[in-house]
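Colleague: A single structure is presented below for examination.
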Amino acid sequence: MREPAIPLMNWRRLVSSLVLAMALATPSAAQVALPAASSPEARLAAVTRLGLAETSGTLFENVVTLLAKRFVDVDFRTKQLPALADTYRPRAEAAGTLAEQRAVVQEMLSHIPSTHLGLLSRYAHRTLMADLLQVPYPSFGFQAIGAGPHLYAGMVLQGGPAARAGLLPGDRLVTIDGVPVQESPRLDWRTDDAFIGDERDPSVQYVVAAAGDRIALRVERRPGEFVNISIAAEEYTPFDAAETSVRVVRSGGQSVGYLQFWYVHVQGVPDLITRALEGRLKNVDALVLDLRGRGGSATEVTRIVQVVEGYQKRTGHPVVALADRQSRSGKDVLLYEFKQRGVRIVGEASAGAVIPASFGDVGHDSVLMFPTTRLPTYTDVLELKPVQPDVSVERSGVFAAGRDAIFEAGIAEALRLAAARQREGATRTPPVS
């Protein structure tokens, strides 16, 4: 039975609670509702100004104190957190380095049943916010994704520096500037959730870049096939990649429009979809929206749903959405609402990460991401309850050599639906004049 969709008239009240969520959100909705005239840099400065802070003790104690004060689950923080902290405190006190103490904190956080919970570097926090606000910063245009003992190239931005240099999604990262990738100072901390296991929420790490930087990568494209790649850092954003992603795929007389947005940015995605549908994708027979690759701001979810629903009603063309285990937060909500409106979901189950997160300064160049409130309705429906695909396809992963199984299956499903629609139209009895 089809679950009832939440009326769009209630969305503004609901999404104002979600704020920015990707694996992230800001401490208050007021930080999102910045004046439209403010510069991107001013907006970034506002959302990275942490209103929550606990910096007087060690990293471990600061994290415990902030959780004890503000963690969303009052019952957990008062009855279970003290014992959990006592279990890990001796190891934290014995830690000889900050990295060792971070590892203890991350392990402790993995026992708290919630998403949007993790320890980020200040670099990662600022970069995540810059991505959502479309503020340019030096980037190599890819991230390091975990796959068992390996790290491979993921989120290779279309048209970005890594893609133009020849890096392919799935390339196993061997060395950066001659240093084993796991030991490279270029590799930032993990930005994924602590509670969800790596099999469902693989590690995601930025490769740190500054203006003028260049890195020498050695990758393994297929088992035993090694490639050397040089990548120069550029100011290239995921929104630039979303604009570059727009294209038409043709097969057997049918055409499918395709667009991917890596994040649900604070603004711009509904307008991007509208421009594409009125431009390059105007005459396609079906539409594929790629929602893989993290989450974003829920403040634009209402408009995105309205644009897609309007397209469905106006054209009658089928719409397919691609998802994987990293489709989270605002994208969890989008997938849920799309499914209620007959959009076919192809790929993997989503992350099931729909609880608003805040950020707190815990000192030691560290930012604690953690939930302080629940999102009405959606947290109950989706938190730790992934949206399931209609057509199940596993991501290609390491050694993919650029092959994209979910994309291929999504295009095939869109073509199938478009052909079925044409057959149905051809067999209808014409009206009697």
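Labels for the structure tokens follow display order: chains A, B, ..., residues from 1 in each chain, ligands from 1.
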I'd like to know which residues of range 32-115 of chain A are helix (DSSP H, G or I) (by DSSP, run on the backbone); could you write them as an MDAnalysis selection string?
Modeller: chainID A and resid 40:47 59:70 74:79 81:94 98:109
Colleague: Near Gly148 in chain A, counting only C-alpha atoms, which residues have an atom at most 9 Å away, once you skip same-chain residues fewer than 3 positions from it, shown as a PyMOL selection string?
Modeller: chain A and resi 151+198-199+202
Colleague: Pick from A:Leu415, A:Ala400, A:Val387, A:Val266: nearest to Ile345 in chain A, with only C-alpha atoms counted?
Modeller: A:Val387
Colleague: Pick out the residues sitting within 8 Å of range 229-242 of chain A, and hand them over as a PyMOL selection string; count only C-alpha atoms, and ignore anything fewer than 4 positions along from it in its own chain.
Modeller: chain A and resi 131+134-141+157-162+165-167+209-219+246+259-263+265
Colleague: Using only C-alpha atoms, which residues sit within 7 Å of Ser396 in chain A once same-chain residues fewer than 5 positions away are excluded, as a list in words?
Modeller: Arg403, Asp404 and Ala405 of chain A
Colleague: Using only C-alpha atoms, which protein or nucleic acid residues come within 10 Å of Tyr336 in chain A? Drop anything in the same chain fewer than 5 positions from it, and give the result as a PyMOL selection string.
Modeller: chain A and resi 3+5-6+330-331+341+343+345+350+378+381-382+386-388
Colleague: Please return, as a PyMOL selection string, all residues of range 47-213 of chain A that DSSP assigns to strand (DSSP E) on the basis of the backbone.
Modeller: chain A and resi 52-53+118-121+138-139+143-147+150-154+172-176+179-180+187-190+204-207
Colleague: How far is it from CA of Ile112 in chain A to CA of Val63 in chain A, in Å with one decimal?
Modeller: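 Rounded to one decimal, the two atoms are 12.8 Å apart.
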